[in-house]
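Below you'll find the structure, written out as structure tokens, and then a few comments.
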Amino acid sequence: MTVTMGSAINLVVLGPPGAGKGTQGVEFARGHGIPQISTGDILRDAVRSGSELGRRARATMEAGRLVDDELMIAIVRERLDREDVAGGFVLDGFPRTVAQAVALDEIMTGRPPLIVIDIAVPDDALVARLARRRVCGACGQATSVDLSPESRCGRCGGELVLRSDDTESVVRERLRVYADATRPLVDYYSQRPSFRAVDGDRSPAEVGAALAAAVDAVLAERAAGRAPAGESRA
Ligand code: AMP
């Protein structure tokens, strides 16, 4: 499918586990009426439904490692071929390796260029956050035990549970995998005019405002013709 709509916001939210990619991605997508595509959610749904994909991915996810590139690229290629991304999308959790980023660039050929926002959070803050993170067993909404001491989901009232890969040892492995495989993506994208980093070590509302401002800045530059696709940022 070729998408030529110039105003589409094709947003990639980068960042380590616990940076708030999911929370921010959902909010941004809702505000702009575009789909939020989380590869972690796609895989967790597959595990829950017991599909072939779920059976293949489950052990890898529970160990905090990465599902293989070929499979992830096929999932995202199929998802980005659907009509509902014509007005834009938010990708959360993909790409996670340079090979995935290269494949995404190829998938994006002929479409409005990606906007890539890195949510940066120091490691010690991530470990503390992930220990407090709970997700709703019914709707998947993430929250912090600090915010929901009553242990029910603020959105649907469902029961809050610890994600099976948010245990301390798996979190440590996920941070190691992030440093090895995913952090190099910051270098991969950082010279592009449509890359921005935002400080994620703040309240969700402040991070959301910074993310929205960063996207607006990229769009304004693009509209002014100062940052055509592919040109390096000074
Ligand atoms: P997330 O919800 O994004 O933290 O993803 C949860 C888990 O799903 C990860 O720890 C990986 O095991 C797997 N996963 C999600 N997205 C990807 C991806 N793009 N590449 C490889 N594995 C992924």
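Labeling convention for the structure tokens: chains A, B, ... as they appear, residues from 1 per chain, ligands from 1 in order of appearance.
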**OP:** Write out as a ChimeraX atom specification the residues lying within 6 Å of segment 121-136 of chain A, counting only C-alpha atoms and excluding same-chain residues fewer than 6 positions away.
**Re:** /A:18-19,142-145,153,158-162,200-201
Sorted by chain and rising residue number, list the residues of chain A at most 9 Å from ligand 1 (counting only C-alpha atoms and all ligand atoms), each with its closest atom pair and distance in Å to one decimal, as CSV.
residue,atom,partner,partner_atom_place_in_ligand_line,distance
A:Pro16,CA,ligand 1,4 (O),8.5
A:Pro17,CA,ligand 1,4 (O),5.6
A:Gly18,CA,ligand 1,4 (O),7.8
A:Lys21,CA,ligand 1,3 (O),8.2
A:Gly22,CA,ligand 1,2 (O),7.7
A:Ser38,CA,ligand 1,3 (O),6.6
A:Thr39,CA,ligand 1,16 (N),4.4
A:Gly40,CA,ligand 1,2 (O),3.6
A:Asp41,CA,ligand 1,2 (O),5.9
A:Ile42,CA,ligand 1,15 (C),8.1
A:Leu43,CA,ligand 1,8 (O),6.2
A:Arg44,CA,ligand 1,8 (O),7.3
A:Ala57,CA,ligand 1,12 (O),7.3
A:Arg58,CA,ligand 1,12 (O),8.0
A:Ala59,CA,ligand 1,12 (O),8.5
A:Thr60,CA,ligand 1,12 (O),5.6
A:Met61,CA,ligand 1,12 (O),3.5
A:Glu62,CA,ligand 1,12 (O),7.0
A:Ala63,CA,ligand 1,12 (O),7.4
A:Gly64,CA,ligand 1,10 (O),4.7
A:Arg65,CA,ligand 1,12 (O),4.8
A:Leu66,CA,ligand 1,22 (N),3.7
A:Val67,CA,ligand 1,22 (N),3.9
A:Asp68,CA,ligand 1,21 (C),5.9
A:Asp69,CA,ligand 1,20 (N),6.1
A:Leu71,CA,ligand 1,20 (N),8.4
A:Met72,CA,ligand 1,20 (N),5.6
A:Ile73,CA,ligand 1,19 (N),7.8
A:Val76,CA,ligand 1,19 (N),8.6
A:Asp92,CA,ligand 1,3 (O),6.6
A:Gly93,CA,ligand 1,3 (O),4.2
A:Phe94,CA,ligand 1,19 (N),4.0
A:Pro95,CA,ligand 1,19 (N),5.0
A:Arg96,CA,ligand 1,19 (N),4.7
A:Thr97,CA,ligand 1,20 (N),7.1
A:Gln100,CA,ligand 1,19 (N),7.2
A:Asp165,CA,ligand 1,10 (O),7.2
A:Val170,CA,ligand 1,10 (O),8.9
A:Val171,CA,ligand 1,10 (O),8.9
A:Arg174,CA,ligand 1,10 (O),6.2
A:Val177,CA,ligand 1,10 (O),8.7
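Nearest residue to Ala213 of chain A, choosing from A:Phe28, A:Ala46, A:Thr182, A:Ala103 and counting only C-alpha atoms: A:Phe28.
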**OP:** Please run DSSP on the backbone and report, as JSON, numbers by chain, all residues within segment 29-229 of chain A that come out as strand (DSSP E).
**Re:** {"A": [36, 37, 38, 88, 89, 90, 91, 92, 114, 115, 116, 117, 118, 119, 120, 133, 134, 135, 136, 142, 143, 144, 160, 161, 195, 196, 197, 198, 199]}
**OP:** List every residue of segment 5-220 of chain A that DSSP, applied to the backbone of this structure, places in alpha helix (DSSP H), and write the result as an MDAnalysis selection string.
**Re:** chainID A and resid 21:32 39:49 52:62 69:79 98:107 123:132 168:177 184:190 204:220
Original post:
Neighbours of Tyr188 of chain A within 9 Å (only C-alpha atoms; same-chain residues fewer than 4 positions away dropped), as a list in words?
Top reply: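 Using only C-alpha atoms, the neighbours found are Val98, Ala101, Pro184 and Arg192 of chain A.
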Atoms kept (N, CA, C and O atoms) for selection, written as an mmCIF file, in the first residue's frame:
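Below is the file part.cif, written as the result:
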data_model
loop_
_atom_site.group_PDB
_atom_site.id
_atom_site.type_symbol
_atom_site.label_atom_id
_atom_site.label_comp_id
_atom_site.auth_asym_id
_atom_site.auth_seq_id
_atom_site.Cartn_x
_atom_site.Cartn_y
_atom_site.Cartn_z
ATOM 1 N N VAL A 98 18.649 -2.634 15.205
ATOM 2 C CA VAL A 98 18.976 -1.901 13.983
ATOM 3 C C VAL A 98 18.359 -2.608 12.772
ATOM 4 O O VAL A 98 17.843 -1.948 11.860
ATOM 5 N N ALA A 101 14.939 -1.470 12.438
ATOM 6 C CA ALA A 101 14.881 -0.069 11.991
ATOM 7 C C ALA A 101 15.117 0.027 10.482
ATOM 8 O O ALA A 101 14.461 0.809 9.781
ATOM 9 N N PRO A 184 21.447 1.458 20.593
ATOM 10 C CA PRO A 184 22.096 1.894 19.347
ATOM 11 C C PRO A 184 21.147 2.570 18.350
ATOM 12 O O PRO A 184 21.587 3.287 17.451
ATOM 13 N N ARG A 192 18.885 12.486 12.072
ATOM 14 C CA ARG A 192 17.750 12.861 11.206
ATOM 15 C C ARG A 192 17.075 14.122 11.723
ATOM 16 O O ARG A 192 16.972 14.329 12.943
#
Subject >> Asp118 of chain A surroundings by only C-alpha atoms, 9 Å radius, close-in-sequence under 4 positions cut, as a VMD selection string >> reply: chain A and resid 12 to 16 21 186 195 to 200 211
**OP:** Between atom CA of Ala205 of chain A and atom CA of Asp146 of chain A, measure the distance and give it in Å to one decimal.
**Re:**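 A separation of 15.6 Å between them.
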Subject >> Interatomic distance (Å, one decimal) between atom CA of Arg30 of chain A and atom CA of Thr109 of chain A >> reply: 25.5 Å
**OP:** Mind giving me the straight-line distance from atom CA of Gln191 of chain A to atom CA of Ile9 of chain A in Å, one decimal?
**Re:** 19.1 Å
**OP:** Find the spatial neighbours of Val85 of chain A, counting only C-alpha atoms, within a cut-off of 10 Å - ignore same-chain residues fewer than 4 positions away - and output them as number ranges by chain.
**Re:** A: 3, 8-10, 34-37, 79-81, 89-90
If you keep N, CA and C atoms, can you produce a file of those selected residues as an mmCIF file, in the first residue's frame?
data_model
loop_
_atom_site.group_PDB
_atom_site.id
_atom_site.type_symbol
_atom_site.label_atom_id
_atom_site.label_comp_id
_atom_site.auth_asym_id
_atom_site.auth_seq_id
_atom_site.Cartn_x
_atom_site.Cartn_y
_atom_site.Cartn_z
ATOM 1 N N VAL A 3 1.025 5.200 0.872
ATOM 2 C CA VAL A 3 0.298 6.261 1.557
ATOM 3 C C VAL A 3 0.989 7.573 1.225
ATOM 4 N N ALA A 8 0.124 13.150 7.615
ATOM 5 C CA ALA A 8 0.109 12.015 8.542
ATOM 6 C C ALA A 8 1.284 12.108 9.506
ATOM 7 N N ILE A 9 1.007 11.811 10.777
ATOM 8 C CA ILE A 9 2.082 11.758 11.775
ATOM 9 C C ILE A 9 2.434 10.293 11.975
ATOM 10 N N ASN A 10 3.591 9.910 11.461
ATOM 11 C CA ASN A 10 4.067 8.536 11.600
ATOM 12 C C ASN A 10 5.133 8.531 12.691
ATOM 13 N N ILE A 34 -5.365 8.505 15.797
ATOM 14 C CA ILE A 34 -4.596 7.570 14.964
ATOM 15 C C ILE A 34 -4.316 6.297 15.788
ATOM 16 N N PRO A 35 -4.073 5.162 15.117
ATOM 17 C CA PRO A 35 -3.853 3.933 15.890
ATOM 18 C C PRO A 35 -2.520 3.918 16.618
ATOM 19 N N GLN A 36 -2.540 3.351 17.813
ATOM 20 C CA GLN A 36 -1.314 3.102 18.564
ATOM 21 C C GLN A 36 -1.001 1.634 18.362
ATOM 22 N N ILE A 37 0.203 1.355 17.916
ATOM 23 C CA ILE A 37 0.585 -0.027 17.607
ATOM 24 C C ILE A 37 1.715 -0.409 18.543
ATOM 25 N N ARG A 79 0.851 -5.046 9.731
ATOM 26 C CA ARG A 79 0.033 -4.061 10.454
ATOM 27 C C ARG A 79 0.046 -2.702 9.742
ATOM 28 N N LEU A 80 1.213 -2.326 9.209
ATOM 29 C CA LEU A 80 1.325 -1.010 8.560
ATOM 30 C C LEU A 80 0.800 -1.040 7.130
ATOM 31 N N ASP A 81 0.329 -2.177 6.706
ATOM 32 C CA ASP A 81 -0.285 -2.279 5.390
ATOM 33 C C ASP A 81 -1.796 -2.067 5.465
ATOM 34 N N PHE A 89 0.224 6.977 12.597
ATOM 35 C CA PHE A 89 0.237 5.910 13.607
ATOM 36 C C PHE A 89 1.276 6.244 14.660
ATOM 37 N N VAL A 90 1.154 5.557 15.789
ATOM 38 C CA VAL A 90 2.191 5.627 16.820
ATOM 39 C C VAL A 90 2.711 4.212 17.024
#
